[in-house]
Amino acid sequence: MASFRIEFARAAEKDLRGVDRRYLSKILESIEGLQNKPRPQGCKKLVGSQNTYRIRIGDYRVIYEIEDGVLVILVVRIRHRKDVYR
């Protein structure tokens, strides 16, 4: 199976700067894991969208889109669970 390329939206790059240091390495590790398994156990497909998913890492949520045709995962947001859906 081919591996996916990970890209970050500008908003996600900005979100990373605000992440609690205790979670940062775990979040980056989980995002990296999406390269080989874009729909890991525990991921949720977001209602109202074709290809947007969410994974949980502690109190944080990573929202991402899977583009199967071109093998790209676009990380859209990385936010604390109280802020992510606003």
# chains A, B, ... in the order shown; residues from 1 in each chain; ligands from 1
call {"tool": "residues_around", "arguments": {"residues": "region 54-61 of chain A", "least_positions_apart": "4", "cutoff": "7 Å", "atoms": "only C-alpha atoms", "output": "PyMOL selection string"}}
result
chain A and resi 27+42-46+78-81+84
call {"tool": "residues_around", "arguments": {"residues": "Asp68 (chain A)", "least_positions_apart": "4", "cutoff": "10 Å", "atoms": "only C-alpha atoms", "output": "tab-separated table (two decimals) with N, CA and C atoms, in the first residue's frame"}}
result
chain	number	residue	atom	x	y	z
A	4	PHE	N	0.62	7.94	2.19
A	4	PHE	CA	0.05	9.26	1.92
A	4	PHE	C	1.06	10.34	2.27
A	38	PRO	N	-4.55	6.07	7.07
A	38	PRO	CA	-5.28	7.34	7.13
A	38	PRO	C	-6.60	7.28	7.89
A	51	ASN	N	-15.06	13.81	3.02
A	51	ASN	CA	-13.77	13.20	3.30
A	51	ASN	C	-13.04	13.83	4.50
A	72	VAL	N	-3.05	12.26	-0.51
A	72	VAL	CA	-2.69	13.40	0.33
A	72	VAL	C	-3.63	13.46	1.53
A	73	ILE	N	-3.05	13.75	2.68
A	73	ILE	CA	-3.83	14.04	3.88
A	73	ILE	C	-3.57	15.50	4.23
call {"tool": "select_by_dssp", "arguments": {"residues": "chain A", "states": "helix (DSSP H, G or I)", "output": "MDAnalysis selection string"}}
result
chainID A and resid 10:17 21:33 68:70
call {"tool": "write_last_selection", "arguments": {"atoms": "C-alpha atoms", "output": "compact mmCIF listing (two decimals), in the first residue's frame"}}
result
# COMPACT_ATOMS: atom_id res chain seq x y z
CA ARG A 10 -1.95 27.41 7.34
CA ALA A 11 -4.50 27.37 10.18
CA ALA A 12 -3.20 23.99 11.39
CA GLU A 13 0.40 25.24 11.38
CA LYS A 14 -0.72 28.17 13.50
CA ASP A 15 -2.69 25.84 15.81
CA LEU A 16 0.45 23.77 16.45
CA ARG A 17 2.15 26.78 18.05
CA ARG A 21 3.87 21.12 25.13
CA ARG A 22 2.89 17.90 26.92
CA TYR A 23 0.78 16.83 23.93
CA LEU A 24 2.89 18.14 21.04
CA SER A 25 5.06 15.08 20.39
CA LYS A 26 2.08 12.71 20.72
CA ILE A 27 0.05 14.82 18.27
CA LEU A 28 2.87 14.93 15.71
CA GLU A 29 3.43 11.18 16.12
CA SER A 30 -0.29 10.49 15.52
CA ILE A 31 -0.35 12.72 12.44
CA GLU A 32 2.73 10.96 11.08
CA GLY A 33 0.96 7.62 11.60
CA ASP A 68 -7.50 9.22 -1.81
CA GLY A 69 -7.03 10.02 -5.51
CA VAL A 70 -3.74 11.85 -4.97
call {"tool": "closest_residue", "arguments": {"among": "A:Arg5, A:Val62, A:Gln35, A:Glu67", "to": "Val19 (chain A)", "atoms": "only C-alpha atoms"}}
result
A:Val62
call {"tool": "closest_residue", "arguments": {"among": "A:Pro40, A:Lys82, A:Arg77, A:Glu65", "to": "Ile6 (chain A)", "atoms": "only C-alpha atoms"}}
result
A:Glu65
call {"tool": "select_by_dssp", "arguments": {"residues": "region 1-52 of chain A", "states": "strand (DSSP E or B)", "output": "NGL selection string"}}
result
:A and (5-8 or 44-45 or 52)
call {"tool": "atom_distance", "arguments": {"atom1": "CA of Leu34 (chain A)", "atom2": "CA of Asp83 (chain A)"}}
result
22.6 Å
call {"tool": "closest_residue", "arguments": {"among": "A:Ile66, A:Val76, A:Leu71, A:Asp20", "to": "Ser3 (chain A)", "atoms": "only C-alpha atoms"}}
result
A:Leu71
